[in-house]
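Reproduced below: protein_23.cif, with mmCIF, C-alpha atoms.
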data_start
loop_
_atom_site.label_atom_id
_atom_site.label_comp_id
_atom_site.auth_asym_id
_atom_site.auth_seq_id
_atom_site.Cartn_x
_atom_site.Cartn_y
_atom_site.Cartn_z
CA MET C 1 24.07 17.31 -2.17
CA THR C 2 23.80 15.20 0.97
CA THR C 3 23.05 16.99 4.22
CA THR C 4 22.76 15.83 7.79
CA CYS C 5 20.27 16.70 10.52
CA PRO C 6 21.29 19.18 13.21
CA THR C 7 20.37 16.58 15.81
CA PRO C 8 20.84 12.89 14.98
CA VAL C 9 17.46 11.30 14.46
CA ARG C 10 18.49 8.11 16.24
CA GLU C 11 19.37 10.02 19.39
CA ARG C 12 15.93 11.63 19.49
CA ALA C 13 14.34 8.25 18.77
CA HIS C 14 15.83 6.78 21.94
CA GLU C 15 14.28 9.56 24.04
CA SER C 16 10.70 8.74 23.06
CA PHE C 17 8.83 6.68 20.53
CA PRO C 18 7.78 9.18 17.79
CA VAL C 19 4.06 8.39 17.69
CA PRO C 20 2.91 11.84 16.40
CA ALA C 21 5.35 11.72 13.49
CA LEU C 22 4.34 8.16 12.63
CA VAL C 23 0.65 9.12 12.70
CA VAL C 24 1.43 11.90 10.19
CA MET C 25 3.11 9.29 8.00
CA ALA C 26 0.05 7.06 8.34
CA CYS C 27 -2.10 10.00 7.19
CA THR C 28 0.25 10.41 4.23
CA GLY C 29 -0.29 6.76 3.33
CA PHE C 30 -4.03 7.30 3.67
CA ILE C 31 -3.88 10.16 1.15
CA VAL C 32 -1.88 8.04 -1.30
CA ILE C 33 -4.23 5.06 -1.18
CA MET C 34 -7.42 7.13 -0.94
CA THR C 35 -6.38 9.11 -4.01
CA GLU C 36 -5.73 5.87 -5.85
CA THR C 37 -9.07 4.24 -4.98
CA LEU C 38 -11.32 7.33 -5.04
CA PRO C 39 -12.41 7.01 -8.70
CA ALA C 40 -13.63 3.45 -8.11
CA GLY C 41 -16.53 4.79 -6.07
CA LEU C 42 -17.22 7.63 -8.47
CA LEU C 43 -17.24 5.96 -11.89
CA PRO C 44 -20.82 6.94 -12.91
CA GLN C 45 -20.30 10.56 -11.80
CA LEU C 46 -16.86 10.78 -13.42
CA ALA C 47 -18.16 9.27 -16.66
CA ALA C 48 -21.02 11.79 -16.81
CA GLY C 49 -18.90 14.75 -15.77
CA LEU C 50 -16.02 14.04 -18.18
CA ASP C 51 -18.23 12.75 -21.02
CA VAL C 52 -16.71 9.26 -21.24
CA SER C 53 -17.91 5.73 -20.63
CA GLU C 54 -17.56 4.12 -17.21
CA GLY C 55 -14.85 1.92 -18.68
CA GLY C 56 -13.03 5.04 -19.81
CA ALA C 57 -13.44 6.62 -16.38
CA GLY C 58 -11.89 3.47 -14.92
CA GLN C 59 -8.68 4.38 -16.72
CA LEU C 60 -8.23 7.12 -14.14
CA VAL C 61 -7.27 4.30 -11.76
CA SER C 62 -5.07 2.55 -14.32
CA VAL C 63 -3.10 5.64 -15.31
CA TYR C 64 -2.42 6.38 -11.62
CA ALA C 65 -0.90 2.92 -11.22
CA ILE C 66 1.14 3.41 -14.41
CA GLY C 67 2.54 6.63 -12.97
CA THR C 68 3.54 4.77 -9.81
CA VAL C 69 5.22 1.92 -11.71
CA LEU C 70 7.16 4.23 -14.03
CA ALA C 71 8.19 6.78 -11.41
CA ALA C 72 9.00 4.80 -8.25
CA ILE C 73 12.52 3.59 -9.09
CA PRO C 74 13.71 6.74 -10.99
CA ALA C 75 12.29 9.06 -8.31
CA ILE C 76 14.01 7.26 -5.46
CA THR C 77 17.24 6.92 -7.43
CA LEU C 78 17.35 10.67 -8.05
CA THR C 79 16.51 11.58 -4.43
CA ARG C 80 18.56 9.04 -2.45
CA GLY C 81 20.80 11.79 -1.09
CA ALA C 82 18.02 14.28 -0.33
CA ARG C 83 16.89 15.09 3.20
CA ARG C 84 13.73 13.18 4.01
CA LYS C 85 11.45 15.87 5.45
CA PRO C 86 11.58 18.26 2.46
CA LEU C 87 11.00 15.22 0.25
CA LEU C 88 7.93 14.23 2.28
CA LEU C 89 6.55 17.78 2.03
CA ALA C 90 7.24 17.86 -1.72
CA GLY C 91 5.37 14.58 -2.17
CA LEU C 92 2.35 15.90 -0.26
CA LEU C 93 2.46 19.09 -2.34
CA GLY C 94 2.37 16.94 -5.46
CA PHE C 95 -0.82 15.26 -4.23
CA LEU C 96 -2.33 18.62 -3.37
CA VAL C 97 -1.75 19.85 -6.93
CA ALA C 98 -2.74 16.59 -8.66
CA ASN C 99 -6.05 16.32 -6.80
CA ALA C 100 -6.79 20.03 -7.21
CA VAL C 101 -6.23 19.83 -10.98
CA THR C 102 -8.43 16.72 -11.15
CA ALA C 103 -11.15 18.56 -9.23
CA VAL C 104 -11.28 21.40 -11.78
CA SER C 105 -10.41 19.38 -14.90
CA PRO C 106 -12.39 20.67 -17.92
CA SER C 107 -11.60 17.55 -19.92
CA PHE C 108 -10.86 13.85 -19.55
CA THR C 109 -7.35 14.32 -20.98
CA ILE C 110 -6.35 16.83 -18.30
CA ALA C 111 -7.80 14.56 -15.62
CA LEU C 112 -5.70 11.67 -16.97
CA VAL C 113 -2.53 13.78 -16.86
CA ALA C 114 -3.29 14.90 -13.30
CA ARG C 115 -3.86 11.29 -12.24
CA PHE C 116 -0.58 10.21 -13.84
CA VAL C 117 1.25 12.94 -11.91
CA GLY C 118 -0.46 11.81 -8.71
CA GLY C 119 0.70 8.26 -9.39
CA ALA C 120 4.26 9.48 -9.92
CA PHE C 121 4.26 11.20 -6.52
CA SER C 122 2.81 8.00 -5.07
CA GLY C 123 5.90 6.16 -6.32
CA LEU C 124 8.11 8.73 -4.62
CA LEU C 125 6.31 8.61 -1.26
CA TRP C 126 5.95 4.83 -1.10
CA GLY C 127 9.60 4.43 -1.98
CA MET C 128 10.79 6.60 0.92
CA LEU C 129 8.14 6.32 3.66
CA ALA C 130 9.13 2.87 4.93
CA GLY C 131 12.80 3.74 5.36
CA TYR C 132 11.94 7.13 6.85
CA ALA C 133 9.60 5.61 9.46
CA ARG C 134 12.20 3.04 10.50
CA ARG C 135 14.96 5.66 10.78
CA ILE C 136 13.15 8.03 13.15
CA ALA C 137 12.63 5.23 15.68
CA ALA C 138 15.15 3.35 17.77
CA PRO C 139 16.48 0.28 15.90
CA GLU C 140 14.80 -2.15 18.31
CA HIS C 141 11.41 -0.52 17.58
CA ALA C 142 11.84 -0.02 13.82
CA GLY C 143 9.28 -2.68 12.92
CA ARG C 144 6.64 -1.27 15.26
CA ALA C 145 7.29 2.21 13.87
CA LEU C 146 6.72 0.94 10.35
CA ALA C 147 3.52 -0.85 11.42
CA ILE C 148 2.08 2.44 12.74
CA ALA C 149 3.16 4.34 9.64
CA MET C 150 1.43 1.76 7.44
CA THR C 151 -1.98 1.92 9.18
CA GLY C 152 -3.11 4.47 6.63
CA THR C 153 -3.31 1.74 3.99
CA PRO C 154 -5.96 -0.52 5.57
CA VAL C 155 -7.91 2.52 6.79
CA ALA C 156 -7.99 3.88 3.25
CA LEU C 157 -8.97 0.48 1.84
CA CYS C 158 -11.66 0.22 4.49
CA VAL C 159 -13.30 3.60 3.85
CA GLY C 160 -11.88 4.73 0.49
CA THR C 161 -14.39 3.40 -2.02
CA PRO C 162 -17.51 3.70 0.23
CA LEU C 163 -16.56 7.26 1.27
CA GLY C 164 -15.80 8.22 -2.31
CA ALA C 165 -19.20 6.91 -3.43
CA TYR C 166 -20.93 8.77 -0.58
CA LEU C 167 -19.23 12.08 -1.31
CA GLY C 168 -19.86 11.72 -5.02
CA SER C 169 -23.57 11.13 -4.50
CA THR C 170 -23.99 14.00 -2.03
CA VAL C 171 -21.63 16.84 -3.02
CA GLY C 172 -20.31 15.75 -6.43
CA TRP C 173 -17.09 14.11 -7.59
CA ARG C 174 -15.19 17.39 -8.00
CA TRP C 175 -15.64 18.22 -4.32
CA SER C 176 -14.38 14.75 -3.43
CA PHE C 177 -11.02 15.46 -5.07
CA ALA C 178 -10.99 18.97 -3.64
CA ALA C 179 -11.40 17.45 -0.17
CA MET C 180 -8.30 15.31 -0.80
CA SER C 181 -6.34 18.47 -1.63
CA LEU C 182 -7.52 20.08 1.61
CA LEU C 183 -6.48 16.99 3.55
CA SER C 184 -3.03 17.24 1.92
CA VAL C 185 -2.70 20.81 3.20
CA ILE C 186 -3.63 19.75 6.73
CA VAL C 187 -1.16 16.84 6.74
CA MET C 188 1.59 19.11 5.35
CA VAL C 189 1.12 21.49 8.28
CA PHE C 190 1.34 18.68 10.83
CA ALA C 191 4.34 17.18 8.99
CA LYS C 192 6.12 20.52 9.15
CA PHE C 193 5.90 20.67 12.95
CA LEU C 194 5.73 17.03 14.08
CA VAL C 195 7.98 14.98 11.80
CA PRO C 196 11.72 15.06 12.50
CA ASP C 197 14.10 15.37 9.57
CA ALA C 198 16.54 12.67 8.49
CA SER C 199 19.50 12.81 6.18
CA GLY C 200 19.63 11.14 2.79
CA GLN C 201 21.87 8.21 2.00
CA PRO C 202 25.56 9.17 1.80
CA SER C 203 26.89 8.91 -1.75
CA GLN C 204 29.63 6.45 -0.78
CA THR C 205 27.06 3.89 0.40
CA ARG C 206 24.71 4.07 -2.62
CA ALA C 207 24.91 0.83 -4.52
CA PRO C 208 23.80 0.80 -8.19
CA LEU C 209 20.31 -0.59 -8.71
CA GLY C 210 21.62 -3.76 -10.29
CA ARG C 211 23.75 -4.39 -7.23
CA VAL C 212 20.82 -3.64 -4.92
CA LEU C 213 18.81 -6.30 -6.73
CA GLY C 214 21.73 -8.68 -6.17
CA ILE C 215 21.81 -8.14 -2.39
CA PRO C 216 20.98 -11.50 -0.75
CA GLY C 217 17.26 -11.71 -0.01
CA VAL C 218 16.09 -8.77 -2.15
CA ALA C 219 15.08 -10.77 -5.24
CA THR C 220 13.38 -13.36 -3.03
CA ILE C 221 11.32 -10.70 -1.26
CA LEU C 222 10.34 -9.11 -4.58
CA THR C 223 9.14 -12.51 -5.79
CA VAL C 224 7.02 -12.96 -2.67
CA VAL C 225 5.60 -9.44 -3.08
CA PHE C 226 4.52 -10.06 -6.66
CA VAL C 227 3.06 -13.54 -6.21
CA TRP C 228 1.36 -12.81 -2.87
CA MET C 229 -0.13 -9.48 -3.97
CA LEU C 230 -1.19 -11.01 -7.29
CA ALA C 231 -3.11 -13.63 -5.27
CA HIS C 232 -4.71 -10.82 -3.26
CA ASN C 233 -5.65 -8.56 -6.17
CA LEU C 234 -6.96 -11.43 -8.28
CA LEU C 235 -9.92 -11.69 -5.90
CA TYR C 236 -9.99 -8.23 -4.30
CA THR C 237 -10.41 -6.47 -7.65
CA TYR C 238 -13.37 -8.67 -8.58
CA ILE C 239 -14.98 -9.17 -5.20
CA ALA C 240 -18.25 -7.67 -6.49
CA SER C 241 -18.33 -10.17 -9.35
CA TYR C 242 -17.54 -13.03 -6.96
CA LEU C 243 -20.34 -12.11 -4.57
CA GLN C 244 -22.82 -11.68 -7.41
CA GLN C 245 -21.97 -14.90 -9.24
CA MET C 246 -21.97 -16.87 -5.98
CA ARG C 247 -25.43 -15.37 -5.28
CA LEU C 248 -24.41 -14.23 -1.83
CA PRO C 249 -26.60 -11.60 -0.10
CA LEU C 250 -23.59 -9.40 0.69
CA ARG C 251 -23.04 -5.86 -0.60
CA PRO C 252 -19.50 -5.27 -1.93
CA ASP C 253 -19.03 -2.04 0.06
CA LEU C 254 -20.02 -3.68 3.36
CA THR C 255 -17.90 -6.73 2.54
CA LEU C 256 -14.89 -4.48 1.96
CA LEU C 257 -15.67 -2.67 5.21
CA VAL C 258 -15.47 -6.00 7.08
CA PHE C 259 -12.22 -6.73 5.25
CA GLY C 260 -10.78 -3.33 6.18
CA VAL C 261 -11.66 -3.61 9.87
CA ALA C 262 -10.08 -7.07 9.99
CA ALA C 263 -7.01 -5.66 8.22
CA LEU C 264 -6.61 -3.12 11.04
CA GLY C 265 -6.51 -6.06 13.44
CA GLY C 266 -3.84 -7.68 11.30
CA ILE C 267 -1.61 -4.63 11.32
CA TRP C 268 -2.03 -4.29 15.11
CA ILE C 269 -0.88 -7.89 15.61
CA THR C 270 2.02 -7.24 13.26
CA GLY C 271 3.04 -4.13 15.19
CA VAL C 272 3.14 -6.09 18.44
CA PHE C 273 5.30 -8.96 17.21
CA ILE C 274 7.25 -7.83 14.15
CA ASP C 275 10.41 -6.70 15.96
CA ARG C 276 10.98 -10.20 17.29
CA ALA C 277 9.08 -12.59 15.01
CA LEU C 278 9.22 -11.36 11.39
CA ARG C 279 9.57 -14.80 9.78
CA LYS C 280 6.85 -16.39 11.91
CA LEU C 281 4.46 -13.51 11.23
CA THR C 282 5.04 -13.70 7.48
CA LEU C 283 4.56 -17.47 7.41
CA ALA C 284 1.39 -17.13 9.49
CA SER C 285 -0.02 -14.41 7.22
CA VAL C 286 0.66 -16.34 4.03
CA THR C 287 -0.81 -19.51 5.53
CA LEU C 288 -3.90 -17.63 6.69
CA PHE C 289 -4.34 -16.38 3.11
CA ILE C 290 -4.50 -20.00 1.96
CA VAL C 291 -7.02 -20.87 4.69
CA ALA C 292 -9.19 -17.91 3.70
CA GLY C 293 -9.07 -18.97 0.07
CA ALA C 294 -10.05 -22.51 1.03
CA PHE C 295 -13.03 -21.24 3.03
CA LEU C 296 -14.14 -19.07 0.11
CA ALA C 297 -13.82 -22.01 -2.26
CA ALA C 298 -15.89 -24.18 0.10
CA ALA C 299 -18.43 -21.51 1.09
CA GLN C 300 -20.80 -22.08 -1.85
CA GLN C 301 -23.80 -19.97 -0.76
CA SER C 302 -22.95 -19.83 2.95
CA THR C 303 -22.94 -16.19 4.06
CA ALA C 304 -21.46 -17.02 7.46
CA LEU C 305 -18.54 -19.00 6.01
CA THR C 306 -17.90 -16.29 3.42
CA LEU C 307 -17.76 -13.59 6.11
CA LEU C 308 -15.40 -15.73 8.19
CA ALA C 309 -13.15 -16.09 5.15
CA ILE C 310 -13.24 -12.32 4.55
CA VAL C 311 -12.22 -11.69 8.17
CA LEU C 312 -9.31 -14.15 7.94
CA TRP C 313 -8.29 -12.66 4.61
CA GLY C 314 -8.28 -9.15 6.09
CA LEU C 315 -6.27 -10.26 9.13
CA ALA C 316 -3.69 -11.86 6.85
CA PHE C 317 -3.48 -8.89 4.50
CA GLY C 318 -3.39 -6.15 7.14
CA GLY C 319 0.20 -6.70 8.20
CA SER C 320 1.55 -7.90 4.85
CA ALA C 321 2.94 -4.55 3.66
CA THR C 322 4.70 -3.95 6.98
CA GLN C 323 6.12 -7.48 7.02
CA LEU C 324 7.43 -7.25 3.47
CA GLN C 325 8.85 -3.75 3.87
CA THR C 326 10.50 -4.70 7.15
CA ALA C 327 12.05 -7.74 5.50
CA MET C 328 13.26 -5.56 2.64
CA GLY C 329 14.65 -2.91 4.96
CA GLU C 330 16.64 -5.47 6.95
CA ALA C 331 17.91 -7.26 3.84
CA ALA C 332 18.90 -4.11 1.91
CA GLY C 333 20.33 -2.15 4.86
CA GLU C 334 21.54 1.30 3.78
CA ASN C 335 20.03 0.77 0.34
CA ALA C 336 16.54 0.18 1.74
CA ASP C 337 14.96 3.16 -0.06
CA ALA C 338 16.08 1.92 -3.48
CA ALA C 339 14.98 -1.63 -2.61
CA ASN C 340 11.60 -0.37 -1.40
CA ALA C 341 11.14 1.49 -4.69
CA MET C 342 11.55 -1.90 -6.39
CA LEU C 343 9.05 -3.34 -3.90
CA THR C 344 6.56 -0.57 -4.79
CA THR C 345 7.00 -1.34 -8.48
CA SER C 346 6.50 -5.06 -7.91
CA PHE C 347 3.39 -4.36 -5.82
CA ASN C 348 1.81 -2.19 -8.51
CA LEU C 349 2.69 -4.66 -11.25
CA ALA C 350 0.79 -7.24 -9.20
CA ILE C 351 -2.21 -4.88 -9.15
CA PHE C 352 -2.04 -4.67 -12.94
CA ALA C 353 -1.64 -8.41 -13.36
CA GLY C 354 -4.44 -9.14 -10.89
CA GLY C 355 -6.84 -6.96 -12.83
CA ALA C 356 -5.87 -8.42 -16.19
CA LEU C 357 -5.78 -12.07 -15.11
CA GLY C 358 -8.94 -11.68 -13.06
CA ALA C 359 -10.78 -10.26 -16.06
CA VAL C 360 -9.84 -13.31 -18.14
CA VAL C 361 -11.04 -15.66 -15.39
CA VAL C 362 -14.29 -13.80 -14.67
CA GLU C 363 -15.23 -13.51 -18.32
CA GLY C 364 -14.07 -17.04 -19.08
CA VAL C 365 -14.77 -19.68 -16.46
CA GLY C 366 -16.39 -17.34 -13.94
CA ALA C 367 -15.61 -15.57 -10.66
CA PRO C 368 -16.32 -18.60 -8.42
CA VAL C 369 -12.93 -20.10 -9.38
CA LEU C 370 -11.01 -17.02 -8.22
CA PRO C 371 -10.37 -18.47 -4.73
CA ALA C 372 -8.64 -21.46 -6.37
CA GLY C 373 -6.28 -19.08 -8.17
CA MET C 374 -5.73 -17.23 -4.90
CA ILE C 375 -4.77 -20.50 -3.18
CA ALA C 376 -2.40 -21.61 -5.95
CA LEU C 377 -0.53 -18.30 -6.08
CA THR C 378 -0.29 -18.01 -2.30
CA LEU C 379 1.15 -21.52 -2.11
CA MET C 380 3.94 -20.28 -4.38
CA ALA C 381 4.51 -17.37 -2.01
CA LEU C 382 4.58 -19.73 0.98
CA VAL C 383 7.22 -21.94 -0.64
CA THR C 384 9.33 -18.88 -1.49
CA VAL C 385 9.15 -17.56 2.09
CA CYS C 386 10.13 -21.00 3.41
CA PHE C 387 13.21 -21.10 1.17
CA GLY C 388 14.15 -17.53 2.13
CA ARG C 389 15.28 -18.51 5.60
CA ARG C 390 18.87 -17.29 5.12
CA ALA C 391 18.60 -13.65 3.99
CA ALA C 392 15.02 -12.70 3.03
CA PHE C 393 13.06 -14.01 6.01
CA PRO C 394 15.85 -15.25 8.29
CA ALA C 395 15.26 -17.96 10.85
CA GLY C 396 15.28 -16.58 14.38
CA ARG C 397 13.52 -13.39 13.23
#

Represent the structure contained in this file as structure tokens.
Amino acid sequence: MTTTCPTPVRERAHESFPVPALVVMACTGFIVIMTETLPAGLLPQLAAGLDVSEGGAGQLVSVYAIGTVLAAIPAITLTRGARRKPLLLAGLLGFLVANAVTAVSPSFTIALVARFVGGAFSGLLWGMLAGYARRIAAPEHAGRALAIAMTGTPVALCVGTPLGAYLGSTVGWRWSFAAMSLLSVIVMVFAKFLVPDASGQPSQTRAPLGRVLGIPGVATILTVVFVWMLAHNLLYTYIASYLQQMRLPLRPDLTLLVFGVAALGGIWITGVFIDRALRKLTLASVTLFIVAGAFLAAAQQSTALTLLAIVLWGLAFGGSATQLQTAMGEAAGENADAANAMLTTSFNLAIFAGGALGAVVVEGVGAPVLPAGMIALTLMALVTVCFGRRAAFPAGR
């Protein structure tokens, strides 16, 4: 059943820019990404606590991504007509339960099931957050609203793994997941009082998924998402192997911290310009990815050049999610939630492919060639963006 808000969201949006609500959404994104990456910093502790190998413990990350891939499109399809605020609260409740069950899991199997459930709720939240953030702001500020709502991602990437490792070594891995449940409770309370509601999509405007895929620009954007994020994850997943095999005196956690701080700069730049320069921003970000890859390929054992490349890479990546989701929202219009569920699926498939392809490269020819793969894939993304000037990344935007 489709319901409407007592007070139109757009009218409230014109009165003031909804910063508190968008910050709550950013915190929601932080929970989603932090929950996903937390096991990466806790593998030894998880392996010992659940009586599995570290490789087995790593499947707690994989099964989360599987849950996201399998659930994103069905979850959004089933909830397209639902009011947004109850859906947001339900998603946060799902994370509260999933992390709490993981924290008290007596066995590896139960932990896997809890992680899969968490991944499923991730698919739900990522599929609806972008459209929700854009709808509670005035149309002329929709891009900036989305940029603020997406800041949780680079913050989580910046502190997720290092914080998870710190908590695991000081208070134990179970308390780390318990802390995520507590954070979910806190964000739910703030969401209850600070986030305005928004109606679901009216039934008469809901296009079938096949037709959504056929909307001009949607397939092009999905292609860019997959190729660009594959280029990113190919190196990001194996950054520790790259640094080690290149014999660079850089710790992976500090390298990722530099990357995350630079990514915050990238999302700030995106927030400033996205409402009037979407195409130019996307082209600049993709091009900067290529430059970063070239610097990494040429760095050899130069620490300074490697750090410069990491900074450029972070700047380019920081605004990418906002740019791609804004492009998808504008191309898909009223069917943006369904299209963004497809975007979420494409993104997570790229994570899978990056891990699998990267493993073949690292174990075969070695991690030092990863930047070359990053460059080649990003060139494909650049060409696709260039040809998407009509509907996907329109000229003049």

Report as an mmCIF file with C-alpha atoms, in the frame of the given file the full result of the PyMOL selection byres ((chain C and resi 289) around 12) when it is applied to this structure.
data_model
loop_
_atom_site.group_PDB
_atom_site.id
_atom_site.type_symbol
_atom_site.label_atom_id
_atom_site.label_comp_id
_atom_site.auth_asym_id
_atom_site.auth_seq_id
_atom_site.Cartn_x
_atom_site.Cartn_y
_atom_site.Cartn_z
ATOM 1 C CA TRP C 228 1.360 -12.810 -2.870
ATOM 2 C CA MET C 229 -0.130 -9.480 -3.970
ATOM 3 C CA ALA C 231 -3.110 -13.630 -5.270
ATOM 4 C CA HIS C 232 -4.710 -10.820 -3.260
ATOM 5 C CA LEU C 235 -9.920 -11.690 -5.900
ATOM 6 C CA GLY C 266 -3.840 -7.680 11.300
ATOM 7 C CA THR C 282 5.040 -13.700 7.480
ATOM 8 C CA LEU C 283 4.560 -17.470 7.410
ATOM 9 C CA ALA C 284 1.390 -17.130 9.490
ATOM 10 C CA SER C 285 -0.020 -14.410 7.220
ATOM 11 C CA VAL C 286 0.660 -16.340 4.030
ATOM 12 C CA THR C 287 -0.810 -19.510 5.530
ATOM 13 C CA LEU C 288 -3.900 -17.630 6.690
ATOM 14 C CA ILE C 290 -4.500 -20.000 1.960
ATOM 15 C CA VAL C 291 -7.020 -20.870 4.690
ATOM 16 C CA ALA C 292 -9.190 -17.910 3.700
ATOM 17 C CA GLY C 293 -9.070 -18.970 0.070
ATOM 18 C CA ALA C 294 -10.050 -22.510 1.030
ATOM 19 C CA PHE C 295 -13.030 -21.240 3.030
ATOM 20 C CA LEU C 296 -14.140 -19.070 0.110
ATOM 21 C CA ALA C 309 -13.150 -16.090 5.150
ATOM 22 C CA ILE C 310 -13.240 -12.320 4.550
ATOM 23 C CA VAL C 311 -12.220 -11.690 8.170
ATOM 24 C CA LEU C 312 -9.310 -14.150 7.940
ATOM 25 C CA TRP C 313 -8.290 -12.660 4.610
ATOM 26 C CA GLY C 314 -8.280 -9.150 6.090
ATOM 27 C CA LEU C 315 -6.270 -10.260 9.130
ATOM 28 C CA ALA C 316 -3.690 -11.860 6.850
ATOM 29 C CA PHE C 317 -3.480 -8.890 4.500
ATOM 30 C CA GLY C 318 -3.390 -6.150 7.140
ATOM 31 C CA GLY C 319 0.200 -6.700 8.200
ATOM 32 C CA SER C 320 1.550 -7.900 4.850
ATOM 33 C CA PRO C 371 -10.370 -18.470 -4.730
ATOM 34 C CA ALA C 372 -8.640 -21.460 -6.370
ATOM 35 C CA GLY C 373 -6.280 -19.080 -8.170
ATOM 36 C CA MET C 374 -5.730 -17.230 -4.900
ATOM 37 C CA ILE C 375 -4.770 -20.500 -3.180
ATOM 38 C CA ALA C 376 -2.400 -21.610 -5.950
ATOM 39 C CA LEU C 377 -0.530 -18.300 -6.080
ATOM 40 C CA THR C 378 -0.290 -18.010 -2.300
ATOM 41 C CA LEU C 379 1.150 -21.520 -2.110
ATOM 42 C CA MET C 380 3.940 -20.280 -4.380
ATOM 43 C CA ALA C 381 4.510 -17.370 -2.010
ATOM 44 C CA LEU C 382 4.580 -19.730 0.980
#

Using atom CA of C:Gly260 and atom CA of C:Pro154 as the two end points, give the distance in Å to one decimal.
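Separating atom CA of C:Gly260 from atom CA of C:Pro154 is a distance of 5.6 Å.
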
Determine, counting only C-alpha atoms, which protein, DNA and RNA residues have an atom within 12 Å of an atom of C:Leu87; residues of the same chain fewer than 5 positions away are not included. Present the result as JSON, numbers by chain.
{"C": [75, 76, 78, 79, 80, 81, 82, 92, 93, 94, 121, 124, 125, 126, 127, 128, 129, 132, 188, 191, 192, 195, 197, 198, 199, 200]}

Residues near C:Val361, cut-off 12 Å, all atoms listed in the file, skip fewer than 2 positions along chain, as a PDB file with C-alpha atoms, in the coordinates of the input:
ATOM      1  CA  LEU C 234      -6.960 -11.430  -8.280  1.00  0.00           C
ATOM      2  CA  LEU C 235      -9.920 -11.690  -5.900  1.00  0.00           C
ATOM      3  CA  TYR C 238     -13.370  -8.670  -8.580  1.00  0.00           C
ATOM      4  CA  SER C 241     -18.330 -10.170  -9.350  1.00  0.00           C
ATOM      5  CA  TYR C 242     -17.540 -13.030  -6.960  1.00  0.00           C
ATOM      6  CA  GLY C 354      -4.440  -9.140 -10.890  1.00  0.00           C
ATOM      7  CA  GLY C 355      -6.840  -6.960 -12.830  1.00  0.00           C
ATOM      8  CA  ALA C 356      -5.870  -8.420 -16.190  1.00  0.00           C
ATOM      9  CA  LEU C 357      -5.780 -12.070 -15.110  1.00  0.00           C
ATOM     10  CA  GLY C 358      -8.940 -11.680 -13.060  1.00  0.00           C
ATOM     11  CA  ALA C 359     -10.780 -10.260 -16.060  1.00  0.00           C
ATOM     12  CA  GLU C 363     -15.230 -13.510 -18.320  1.00  0.00           C
ATOM     13  CA  GLY C 364     -14.070 -17.040 -19.080  1.00  0.00           C
ATOM     14  CA  VAL C 365     -14.770 -19.680 -16.460  1.00  0.00           C
ATOM     15  CA  GLY C 366     -16.390 -17.340 -13.940  1.00  0.00           C
ATOM     16  CA  ALA C 367     -15.610 -15.570 -10.660  1.00  0.00           C
ATOM     17  CA  PRO C 368     -16.320 -18.600  -8.420  1.00  0.00           C
ATOM     18  CA  VAL C 369     -12.930 -20.100  -9.380  1.00  0.00           C
ATOM     19  CA  LEU C 370     -11.010 -17.020  -8.220  1.00  0.00           C
ATOM     20  CA  PRO C 371     -10.370 -18.470  -4.730  1.00  0.00           C
ATOM     21  CA  ALA C 372      -8.640 -21.460  -6.370  1.00  0.00           C
ATOM     22  CA  GLY C 373      -6.280 -19.080  -8.170  1.00  0.00           C
ATOM     23  CA  MET C 374      -5.730 -17.230  -4.900  1.00  0.00           C
TER      24      MET C 374
END

At a cut-off of 10 Å, using all atoms listed in the file, what residues contact C:Ser302? Leave out same-chain residues fewer than 3 positions from it and give the result as a VMD selection string.
chain C and resid 246 to 249 296 298 to 299 305 to 307

From the list C:Leu194, C:Leu60, C:Ala332, C:Met25, the nearest residue to C:Gly214 using all atoms listed in the file is C:Ala332

Find the spatial neighbours of C:Leu42, counting only C-alpha atoms, within a cut-off of 7 Å - ignore same-chain residues fewer than 2 positions away - and output them as a list in words.
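With the cut-off at 7 Å, the set is Leu38, Pro39, Ala40, Pro44, Gln45, Leu46, Gly164, Ala165, Gly168 and Trp173 of chain C.
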
Write out the residues from the selection above, keeping C-alpha atoms, as a PDB file, in the frame of the given file.
ATOM      1  CA  LEU C  38     -11.320   7.330  -5.040  1.00  0.00           C
ATOM      2  CA  PRO C  39     -12.410   7.010  -8.700  1.00  0.00           C
ATOM      3  CA  ALA C  40     -13.630   3.450  -8.110  1.00  0.00           C
ATOM      4  CA  PRO C  44     -20.820   6.940 -12.910  1.00  0.00           C
ATOM      5  CA  GLN C  45     -20.300  10.560 -11.800  1.00  0.00           C
ATOM      6  CA  LEU C  46     -16.860  10.780 -13.420  1.00  0.00           C
ATOM      7  CA  GLY C 164     -15.800   8.220  -2.310  1.00  0.00           C
ATOM      8  CA  ALA C 165     -19.200   6.910  -3.430  1.00  0.00           C
ATOM      9  CA  GLY C 168     -19.860  11.720  -5.020  1.00  0.00           C
ATOM     10  CA  TRP C 173     -17.090  14.110  -7.590  1.00  0.00           C
TER      11      TRP C 173
END

Could you tell me, as a list in words, exactly which residues end up selected when the PyMOL selection byres ((chain C and resi 149) around 6) is applied to this structure?
Leu22, Met25, Ala26, Leu146, Ala147, Ile148, Met150 and Thr151 of chain C

Within 6 Å of C:Gly29, counting all atoms listed in the file, which residues qualify if same-chain residues fewer than 2 places away don't, as JSON, numbers by chain?
{"C": [26, 27, 31, 32, 152, 153]}

Residue with smallest distance to C:Thr270 - pool C:Val385, C:Leu163, C:Arg144, C:Leu343, counting only C-alpha atoms:
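Ranking C:Val385, C:Leu163, C:Arg144, C:Leu343 by distance to C:Thr270, first place goes to C:Arg144.
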
Of the candidates C:Thr28, C:Ser53, C:Thr326, C:Thr220, which shows the shortest atom-to-atom distance to C:Phe190, using only C-alpha atoms?
C:Thr28

Point out the residue among C:Ile351, C:Ala138, C:Leu257, C:Ile215 with the least atom-to-atom distance to C:Gly333, counting all atoms listed in the file.
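Among the listed residues, the smallest separation from C:Gly333 belongs to C:Ile215.
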